[in-house]
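Everything on this sheet refers to the single structure shown next.
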Amino acid sequence: MAPMTMPILRLQNVKKVFNSFVAVDNVSLEVAEGEFVCLLGPSGCGKTTTLRMIAGLETPTEGEIFLREKRITYLPPQQRGIGFVFQNYALFWHMTVYDNLAFGLRLRRLPVAEINKRVCEIAERFELMDLLKVRAVSLDLSAMQRVAIARTLLTDPYLLLLDEPLNNIRPGLREMMRADLKRMQQELRKTMIYVTHDQEEALTLGDRIVVMNMGRIEQVASPQEIYDLPATLFVAGFIGRPPMNLFDVKYAVEGGHSWLVWRQYRWCVDKVRDRIEAAHPENGLVLGVRPEEIKISYKAPGIHAKVVLVQPLGRKDVLMLELEGEAVHGVVPAELCINVGDMVFVEFPPERMHLFSATTKEAIVHGIS
Amino acid sequence: MASVEVKNISKSFKGKPTLKDVSFYVSSGELFCLLGPPGAGKTTLFRIISGLEKADTGEVFFDGEPITSVPPQRRDVAMIFEDVALYPHLTGFENIAYPLRLRRLSRAEIKKRVYETARLLHIEHLLNRRPHTFSGGERRRVAIARALVRNPRVLLLDQPFTDLDAKIRHEMSAELKRLQVSVGQTMLLATHDFEEGMIADRIAVINDGEIHQIATPKEIYNSPITRFTASFVGSPAMNLFSCQLVSTATGCELRHPAFVIPLPCHPVSFPQQVWLGIRPEKIILKKGGKIRAKVEVVQILGAEQIVDLVLANGDRFKWVAPISLSEKFRRGDELEFDFPVSSIFLFDYETGHNLLRKEV
């Protein structure tokens, strides 16, 4: 889904090679004004390198970057009008919050009254008024984050880049700061690009998510689409907690019907037959089902499975099941009180089954009924 | 494998108490978790168990034997820290074999035990490689293998996975549970991440050097003894509101500036000011409900959504709703909710004690 309005930022076939290692490979992306875009992927997928090229801290080996339709590929960072919030916030630790905020404005030699006005305005908005005289070093993490973002916003950037700002913050506080950030962005409507390896952060914060793997973009879509309609096996296996269960299945036509076959089980796929056949099913198919969409009960029908491990998470339990000798994850409400050693019945709802090609690794169809 | 008993341990640093009369018992083969925020005293306690630190008062017992006078190297405790130190010049195999070589075991025995342990941790492919080629998760596995290979009496894991990617962190905690089940190793795990702690057989919640509660993960979640435990365990955290508990003709009611909830209980023994607690997933969206709130932020998380709401008096709370609800919520929407009485917690305003919890 491309942004409707004119993009504020455009990456065109951007590539970055370090020595012989291809860190970013032919990445094209458009970001709309006011959008919150998350770059998500495992370490080494190229997300931070992409961010650094947008900021001007790295130069692309190939490709072009445009900001408001102006080519900025080789422009030095300070001339781009882009704000960067670093992972450790990079505040001036010995200076007060006020001086941290005023720093950029003083460099621009604005009159004192003007600086004062702008600092107070932003401090008000970020709930920093009471902290203006406090040194940065003695702030709590949430206040540091607010100062770092406020300081960057004072330079009036077209675009704000954030590199894993919530990393290394303890759980609990992290969720709070995440919600703060989301609220802030909704109020300011500032375009933000946010790098993270944490899918929960990306799913909750992003208007759109760019999933990256080995330097390439796997999928660009809304969080809901990424979750409901993963475009590739990588996205299916990366998103979700625990990730999607995947099975190697076969395709067979028997008695005038089309079937997906796994061990002694089979599912009718007449309704999506054409799409499966167009994707060369003879080269192998992978069936995916999300743990939270598997139906688990003590009553038949279903595939018989044994509960090997129960990992309580509070309101939910994550189960590891042994199903025909394979480890399968399931998620159930804690109220079901399922125990290790229990025998249960497992059903895969056809409308929530995903099918991928084992060779191209791309999705063939979502829902087989 | 040994049982571990910690009895009345106290420790102060420069007059500041770090541990206050801490006691618990870990059975042989149990996975026991110390759960608390940074600075709660978890690491100090581990250092006392391993002998790196001396307690001011109190004793530690392994299998009923006091070990206070036993030097660290003879306690047979293995410890794994947040930053794992492997020998960079040695292969995976040699790293794991190291403690066995120190004990002068035979070559055949060493080989057998290293391979057995490696199989258990699914790291056979790392045995011939050097640590610089390992990922964060792989380094952690090798370190655990090195600790397990010598069958220590107790394995202490101090925030072993905190610096790993979220995804690998969750995989590793499940792995640890599987491992403990299959080898029956006594393990103590210290963490500030409640989800990591929930894999334990039992959890001790610790804050400011004091143990708040020792119980199974489900008990901790469902019947926390204190407000601290209630708000520390759960994601998103339990919602808390400062309320007045007032007698009425029929019983009593909870009065908050933005809502009133009648309760069937009799408030005789209760103080007036209380904390009302309710878990975000227990809140019910209901037309005509008593609690009216405005949507601030909607965070969608695959199968569910976390909705941040604000009450008329500015108090905020979170609601977890299934994504399957036909309604889509937007910032600014006005919604009506019910806090079901059966899901409500009440905590003493001063002491934080759970006022509704039945003494077991």
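Chain labels A, B, ... are given in the sequence in which chains occur in the structure tokens; within each chain residues are numbered consecutively from 1, and ligands are likewise numbered from 1 in the order shown.
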
Would you list, as a ChimeraX atom specification, the residues of range 25-132 of chain A that end up in alpha helix (DSSP H) under DSSP run on this structure's backbone?
/A:47-55,97-107,112-125

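Residue neighbourhood of Val261 in chain A, excluding near-sequence residues (fewer than 4 positions): Val249, Lys250, Tyr251, Ala252, Tyr265, Arg266 and Trp267 of chain A, at 8 Å, using only C-alpha atoms.
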
Using only C-alpha atoms and a cut-off of 8 Å, which residues of chain A sit close to chain B? Please list them as a list of chain:residue names.
A:Pro42, A:Asn168, A:Arg170, A:Pro171, A:Gly172, A:Glu175, A:Ala179, A:Lys182, A:Arg183, A:His197, A:Asp198, A:Glu200, A:Leu203, A:Thr204, A:Leu205, A:Pro223, A:Gln224, A:Tyr227, A:Asp228, A:Gly240, A:Arg241, A:Glu292, A:Leu309, A:Gln311, A:Pro312, A:Leu313, A:Gly314, A:Arg315

Residues as selected, N, CA and C atoms, written as a short mmCIF file (atom, residue, chain, number, x, y, z; two decimals), in the first residue's frame, can you do that?
data_model
loop_
_atom_site.label_atom_id
_atom_site.label_comp_id
_atom_site.auth_asym_id
_atom_site.auth_seq_id
_atom_site.Cartn_x
_atom_site.Cartn_y
_atom_site.Cartn_z
N PRO A 42 15.76 -8.70 12.30
CA PRO A 42 16.76 -9.19 13.25
C PRO A 42 18.06 -8.41 13.13
N ASN A 168 17.12 -1.74 25.99
CA ASN A 168 17.79 -1.70 27.30
C ASN A 168 16.98 -1.04 28.39
N ARG A 170 13.92 -1.42 31.11
CA ARG A 170 13.32 -2.62 31.70
C ARG A 170 11.85 -2.73 31.30
N PRO A 171 11.38 -3.99 31.17
CA PRO A 171 9.97 -4.21 30.82
C PRO A 171 9.10 -3.50 31.84
N GLY A 172 7.95 -3.11 31.44
CA GLY A 172 7.08 -2.35 32.34
C GLY A 172 7.24 -0.88 32.00
N GLU A 175 6.94 -0.40 28.16
CA GLU A 175 5.58 -0.32 27.63
C GLU A 175 5.00 1.08 27.86
N ALA A 179 3.90 3.78 24.89
CA ALA A 179 2.60 4.44 24.77
C ALA A 179 2.77 5.96 24.73
N LYS A 182 3.86 6.98 21.27
CA LYS A 182 2.75 6.89 20.32
C LYS A 182 1.83 8.11 20.48
N ARG A 183 1.55 8.45 21.74
CA ARG A 183 0.67 9.60 21.99
C ARG A 183 1.30 10.88 21.44
N HIS A 197 14.19 -4.08 16.67
CA HIS A 197 14.17 -5.51 16.39
C HIS A 197 13.01 -6.16 17.12
N ASP A 198 12.25 -5.31 17.86
CA ASP A 198 11.20 -5.81 18.73
C ASP A 198 9.86 -5.70 18.00
N GLU A 200 6.90 -6.33 18.89
CA GLU A 200 5.79 -5.75 19.65
C GLU A 200 5.81 -4.24 19.51
N LEU A 203 4.68 -3.38 15.91
CA LEU A 203 3.25 -3.60 15.70
C LEU A 203 2.41 -2.52 16.37
N THR A 204 2.83 -2.10 17.56
CA THR A 204 2.01 -1.14 18.29
C THR A 204 2.26 0.30 17.85
N LEU A 205 3.47 0.61 17.41
CA LEU A 205 3.80 2.00 17.12
C LEU A 205 3.53 2.40 15.67
N PRO A 223 0.49 -2.80 10.35
CA PRO A 223 0.73 -3.87 11.32
C PRO A 223 -0.28 -5.01 11.19
N GLN A 224 -1.54 -4.66 11.00
CA GLN A 224 -2.56 -5.70 10.91
C GLN A 224 -2.34 -6.60 9.69
N TYR A 227 0.52 -8.98 10.14
CA TYR A 227 0.14 -10.09 11.01
C TYR A 227 -0.82 -11.04 10.31
N ASP A 228 -1.83 -10.49 9.64
CA ASP A 228 -2.87 -11.33 9.03
C ASP A 228 -2.45 -11.92 7.70
N GLY A 240 4.85 -12.53 15.49
CA GLY A 240 4.00 -13.38 16.32
C GLY A 240 4.83 -13.95 17.44
N ARG A 241 4.17 -14.20 18.56
CA ARG A 241 4.90 -14.68 19.73
C ARG A 241 4.12 -15.76 20.42
N GLU A 292 -1.92 -18.77 18.32
CA GLU A 292 -3.13 -18.29 18.99
C GLU A 292 -4.39 -18.60 18.19
N LEU A 309 5.08 -28.60 27.45
CA LEU A 309 5.56 -27.47 28.23
C LEU A 309 4.45 -26.44 28.34
N GLN A 311 4.04 -22.47 29.47
CA GLN A 311 4.74 -21.26 29.88
C GLN A 311 3.69 -20.21 30.19
N PRO A 312 3.40 -19.97 31.47
CA PRO A 312 2.36 -18.98 31.77
C PRO A 312 2.87 -17.56 31.50
N LEU A 313 2.00 -16.72 30.97
CA LEU A 313 2.36 -15.32 30.73
C LEU A 313 1.37 -14.40 31.42
N GLY A 314 0.67 -14.90 32.43
CA GLY A 314 -0.35 -14.08 33.07
C GLY A 314 -1.70 -14.45 32.52
N ARG A 315 -2.21 -13.62 31.61
CA ARG A 315 -3.56 -13.90 31.12
C ARG A 315 -3.59 -15.02 30.09
#

Any idea what's packed within 8 Å of Leu356 in chain B, counting only C-alpha atoms, ignoring anything in its chain fewer than 4 positions away? Could you give it as a PDB file with N, CA, C and O atoms, in the first residue's frame?
ATOM      1  N   PHE B 345      -9.407  -5.946  42.699  1.00  0.00           N
ATOM      2  CA  PHE B 345      -8.492  -6.083  43.832  1.00  0.00           C
ATOM      3  C   PHE B 345      -8.572  -4.809  44.668  1.00  0.00           C
ATOM      4  O   PHE B 345      -8.742  -3.724  44.120  1.00  0.00           O
ATOM      5  N   LEU B 346      -8.432  -4.957  45.982  1.00  0.00           N
ATOM      6  CA  LEU B 346      -8.327  -3.773  46.841  1.00  0.00           C
ATOM      7  C   LEU B 346      -7.039  -3.872  47.643  1.00  0.00           C
ATOM      8  O   LEU B 346      -6.743  -4.915  48.235  1.00  0.00           O
ATOM      9  N   PHE B 347      -6.269  -2.786  47.647  1.00  0.00           N
ATOM     10  CA  PHE B 347      -5.017  -2.777  48.396  1.00  0.00           C
ATOM     11  C   PHE B 347      -5.051  -1.651  49.425  1.00  0.00           C
ATOM     12  O   PHE B 347      -5.568  -0.565  49.139  1.00  0.00           O
TER      13      PHE B 347
END

Extract the full set of strand (DSSP E or B) residues from range 22-148 of chain A according to DSSP on the backbone, and format it as a ChimeraX atom specification.
/A:22-32,36-40,62-67,70-71,82-85,96,135

Expected file contents, prior selection, C-alpha atoms, as a JSON list (two decimals), in the first residue's frame:
[["chain", "number", "residue", "atom", "x", "y", "z"],
["A", 22, "VAL", "CA", 25.96, -6.24, 1.06],
["A", 23, "ALA", "CA", 24.31, -4.60, 4.07],
["A", 24, "VAL", "CA", 21.40, -3.02, 2.20],
["A", 25, "ASP", "CA", 20.29, -4.46, -1.11],
["A", 26, "ASN", "CA", 18.14, -2.52, -3.56],
["A", 27, "VAL", "CA", 15.78, -0.93, -1.05],
["A", 28, "SER", "CA", 13.00, 1.31, -2.36],
["A", 29, "LEU", "CA", 10.57, 2.96, 0.02],
["A", 30, "GLU", "CA", 8.20, 5.93, 0.18],
["A", 31, "VAL", "CA", 7.19, 7.61, 3.43],
["A", 32, "ALA", "CA", 4.21, 9.98, 3.61],
["A", 36, "PHE", "CA", 5.13, 6.63, 11.64],
["A", 37, "VAL", "CA", 7.17, 3.98, 9.83],
["A", 38, "CYS", "CA", 8.98, 1.18, 11.65],
["A", 39, "LEU", "CA", 11.97, -0.63, 10.19],
["A", 40, "LEU", "CA", 11.83, -4.09, 11.74],
["A", 62, "GLU", "CA", 24.11, 2.87, -5.28],
["A", 63, "GLY", "CA", 20.68, 4.48, -5.48],
["A", 64, "GLU", "CA", 19.20, 7.83, -4.53],
["A", 65, "ILE", "CA", 17.44, 9.37, -1.54],
["A", 66, "PHE", "CA", 14.95, 12.24, -1.91],
["A", 67, "LEU", "CA", 13.54, 14.46, 0.83],
["A", 70, "LYS", "CA", 15.01, 17.17, -3.39],
["A", 71, "ARG", "CA", 17.92, 14.80, -3.89],
["A", 82, "ILE", "CA", 16.52, 15.54, 9.58],
["A", 83, "GLY", "CA", 16.54, 14.94, 13.34],
["A", 84, "PHE", "CA", 18.21, 11.86, 14.80],
["A", 85, "VAL", "CA", 17.48, 10.42, 18.26],
["A", 96, "THR", "CA", 20.51, 21.25, 32.61],
["A", 135, "ARG", "CA", 20.93, 18.22, 35.09]]

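Residue nearest Ala305 in chain A, chosen from A:Arg290, A:Arg118, A:Lys16, A:His329 and counting only C-alpha atoms: A:His329.
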
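One finds CA of Val4 in chain B at 16.4 Å from CA of Lys54 in chain B.
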
Given only C-alpha atoms as the counted atoms, nearest of A:Lys117, A:Arg125, A:Lys15, A:Lys361 to Thr73 in chain A
A:Lys15

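For Asn207 in chain B, the list of residues within 8 Å, based on only C-alpha atoms and with local chain neighbours fewer than 6 positions off taken out, reads B:Gly36, B:Pro37, B:Ala40, B:Gly41.
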
Could you dump the residues just selected with C-alpha atoms as a PDB file, in the first residue's frame?
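Okay, this is what ended up in result_25.pdb:
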ATOM      1  CA  GLY B  36      12.323  -7.785  41.148  1.00  0.00           C
ATOM      2  CA  PRO B  37      13.362  -4.425  39.688  1.00  0.00           C
ATOM      3  CA  ALA B  40      16.140  -5.085  44.575  1.00  0.00           C
ATOM      4  CA  GLY B  41      19.031  -7.150  45.975  1.00  0.00           C
TER       5      GLY B  41
END

Give me, as a ChimeraX atom specification, all polymer residues having an atom no more than 10 Å from range 160-163 of chain A, counting only C-alpha atoms and skipping those fewer than 4 positions away in the same chain.
/A:36-39,47-48,51-52,54-55,81-89,149,152-153,156,167,190-196

Export of the given selection (N, CA and C atoms) as a tab-separated table (two decimals), in the first residue's frame:
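The file below, again_37.tsv, is the result:
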chain	number	residue	atom	x	y	z
A	36	PHE	N	4.21	7.28	10.71
A	36	PHE	CA	5.13	6.63	11.64
A	36	PHE	C	5.50	5.29	11.01
A	37	VAL	N	6.73	5.20	10.52
A	37	VAL	CA	7.17	3.98	9.83
A	37	VAL	C	8.20	3.26	10.69
A	38	CYS	N	8.01	1.96	10.89
A	38	CYS	CA	8.98	1.18	11.65
A	38	CYS	C	9.79	0.29	10.73
A	39	LEU	N	11.11	0.33	10.88
A	39	LEU	CA	11.97	-0.63	10.19
A	39	LEU	C	12.24	-1.76	11.17
A	47	LYS	N	18.62	-2.65	8.81
A	47	LYS	CA	17.69	-1.58	9.18
A	47	LYS	C	18.41	-0.33	9.68
A	48	THR	N	19.45	-0.52	10.51
A	48	THR	CA	20.17	0.63	11.04
A	48	THR	C	20.99	1.31	9.94
A	51	LEU	N	18.71	3.51	8.04
A	51	LEU	CA	18.43	4.73	8.81
A	51	LEU	C	19.61	5.70	8.72
A	52	ARG	N	20.81	5.16	8.84
A	52	ARG	CA	22.01	6.00	8.81
A	52	ARG	C	22.22	6.64	7.43
A	54	ILE	N	19.68	7.52	5.47
A	54	ILE	CA	18.68	8.59	5.42
A	54	ILE	C	19.20	9.81	6.18
A	55	ALA	N	19.87	9.55	7.31
A	55	ALA	CA	20.40	10.64	8.14
A	55	ALA	C	21.62	11.30	7.50
A	81	GLY	N	17.99	18.67	7.27
A	81	GLY	CA	16.75	18.95	7.98
A	81	GLY	C	16.12	17.70	8.56
A	82	ILE	N	16.99	16.80	9.00
A	82	ILE	CA	16.52	15.54	9.58
A	82	ILE	C	17.02	15.45	11.01
A	83	GLY	N	16.14	15.10	11.94
A	83	GLY	CA	16.54	14.94	13.34
A	83	GLY	C	16.81	13.48	13.65
A	84	PHE	N	17.83	13.23	14.49
A	84	PHE	CA	18.21	11.86	14.80
A	84	PHE	C	18.22	11.69	16.32
A	85	VAL	N	17.46	10.72	16.82
A	85	VAL	CA	17.48	10.42	18.26
A	85	VAL	C	18.24	9.12	18.45
A	86	PHE	N	19.37	9.21	19.15
A	86	PHE	CA	20.23	8.05	19.29
A	86	PHE	C	19.75	7.12	20.39
A	87	GLN	N	20.24	5.89	20.34
A	87	GLN	CA	19.83	4.88	21.29
A	87	GLN	C	20.11	5.30	22.73
A	88	ASN	N	21.28	5.92	22.97
A	88	ASN	CA	21.62	6.33	24.34
A	88	ASN	C	21.25	7.78	24.60
A	89	TYR	N	20.46	8.36	23.68
A	89	TYR	CA	19.93	9.73	23.76
A	89	TYR	C	20.98	10.82	23.54
A	149	ILE	N	13.95	13.80	22.45
A	149	ILE	CA	13.03	14.03	21.33
A	149	ILE	C	12.68	15.51	21.22
A	152	THR	N	15.46	17.47	19.64
A	152	THR	CA	15.54	17.26	18.20
A	152	THR	C	14.42	18.02	17.48
A	153	LEU	N	13.24	18.03	18.08
A	153	LEU	CA	12.11	18.71	17.45
A	153	LEU	C	12.32	20.22	17.37
A	156	ASP	N	13.34	21.86	14.31
A	156	ASP	CA	12.35	21.90	13.26
A	156	ASP	C	12.65	20.98	12.08
A	167	ASN	N	15.42	0.35	23.64
A	167	ASN	CA	16.26	-0.81	23.93
A	167	ASN	C	16.85	-0.66	25.33
A	190	LYS	N	4.27	14.37	13.43
A	190	LYS	CA	5.57	14.53	12.81
A	190	LYS	C	5.95	13.21	12.14
A	191	THR	N	6.53	13.28	10.95
A	191	THR	CA	6.96	12.07	10.28
A	191	THR	C	8.10	11.42	11.06
A	192	MET	N	7.96	10.14	11.39
A	192	MET	CA	9.00	9.47	12.16
A	192	MET	C	9.35	8.14	11.52
A	193	ILE	N	10.64	7.85	11.52
A	193	ILE	CA	11.10	6.52	11.10
A	193	ILE	C	11.83	5.92	12.29
A	194	TYR	N	11.42	4.72	12.64
A	194	TYR	CA	11.80	4.13	13.91
A	194	TYR	C	12.38	2.76	13.65
A	195	VAL	N	13.60	2.53	14.11
A	195	VAL	CA	14.25	1.23	13.91
A	195	VAL	C	14.11	0.38	15.16
A	196	THR	N	13.71	-0.87	14.99
A	196	THR	CA	13.62	-1.77	16.14
A	196	THR	C	13.75	-3.23	15.71

Spatial neighbours of Phe337 in chain B, max dist 12 Å, only C-alpha atoms, sep filter under 3 positions, as JSON, numbers by chain:
{"B": [259, 261, 280, 282, 283, 284, 285, 286, 287, 288, 289, 290, 291, 292, 293, 294, 295, 309, 311, 317, 318, 319, 321, 334, 340]}

Convert the current residue selection to file output with C-alpha atoms, as a PDB file, in the first residue's frame.
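And here's selection_1.pdb as it stands now:
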ATOM      1  CA  PHE B 259     -17.037   6.655  38.930  1.00  0.00           C
ATOM      2  CA  ILE B 261     -18.757   0.971  42.097  1.00  0.00           C
ATOM      3  CA  PRO B 280      -6.451  -4.670  31.738  1.00  0.00           C
ATOM      4  CA  LYS B 282     -10.674  -8.093  32.904  1.00  0.00           C
ATOM      5  CA  ILE B 283     -12.289  -4.802  31.951  1.00  0.00           C
ATOM      6  CA  ILE B 284     -15.544  -5.218  30.028  1.00  0.00           C
ATOM      7  CA  LEU B 285     -16.825  -2.875  27.335  1.00  0.00           C
ATOM      8  CA  LYS B 286     -20.523  -2.387  28.048  1.00  0.00           C
ATOM      9  CA  LYS B 287     -23.157   0.070  26.849  1.00  0.00           C
ATOM     10  CA  GLY B 288     -24.439   1.852  29.942  1.00  0.00           C
ATOM     11  CA  GLY B 289     -21.403   0.798  31.999  1.00  0.00           C
ATOM     12  CA  LYS B 290     -20.513   2.948  34.994  1.00  0.00           C
ATOM     13  CA  ILE B 291     -17.025   3.875  33.881  1.00  0.00           C
ATOM     14  CA  ARG B 292     -16.865   6.380  31.047  1.00  0.00           C
ATOM     15  CA  ALA B 293     -13.537   7.022  29.399  1.00  0.00           C
ATOM     16  CA  LYS B 294     -12.028   8.523  26.291  1.00  0.00           C
ATOM     17  CA  VAL B 295      -9.676   6.663  23.945  1.00  0.00           C
ATOM     18  CA  LEU B 309      -8.054   5.415  28.089  1.00  0.00           C
ATOM     19  CA  LEU B 311     -11.133   9.239  32.745  1.00  0.00           C
ATOM     20  CA  PHE B 317      -5.876   3.146  32.438  1.00  0.00           C
ATOM     21  CA  LYS B 318      -5.275   0.388  29.917  1.00  0.00           C
ATOM     22  CA  TRP B 319      -7.690  -2.101  28.414  1.00  0.00           C
ATOM     23  CA  ALA B 321      -9.378  -6.262  24.008  1.00  0.00           C
ATOM     24  CA  GLU B 334     -16.069   7.921  24.307  1.00  0.00           C
ATOM     25  CA  PRO B 340     -16.652  -6.713  37.222  1.00  0.00           C
TER      26      PRO B 340
END

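The coordinates place CA of Tyr98 in chain A at 7.1 Å from CA of Val119 in chain A.
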
Show me, as a PyMOL selection string, the residues that have an atom within 10 Å of Arg150 in chain B when counting only C-alpha atoms, minus same-chain residues fewer than 5 positions from it.
chain B and resi 76-78+96-100+103+110+113-114+117+145
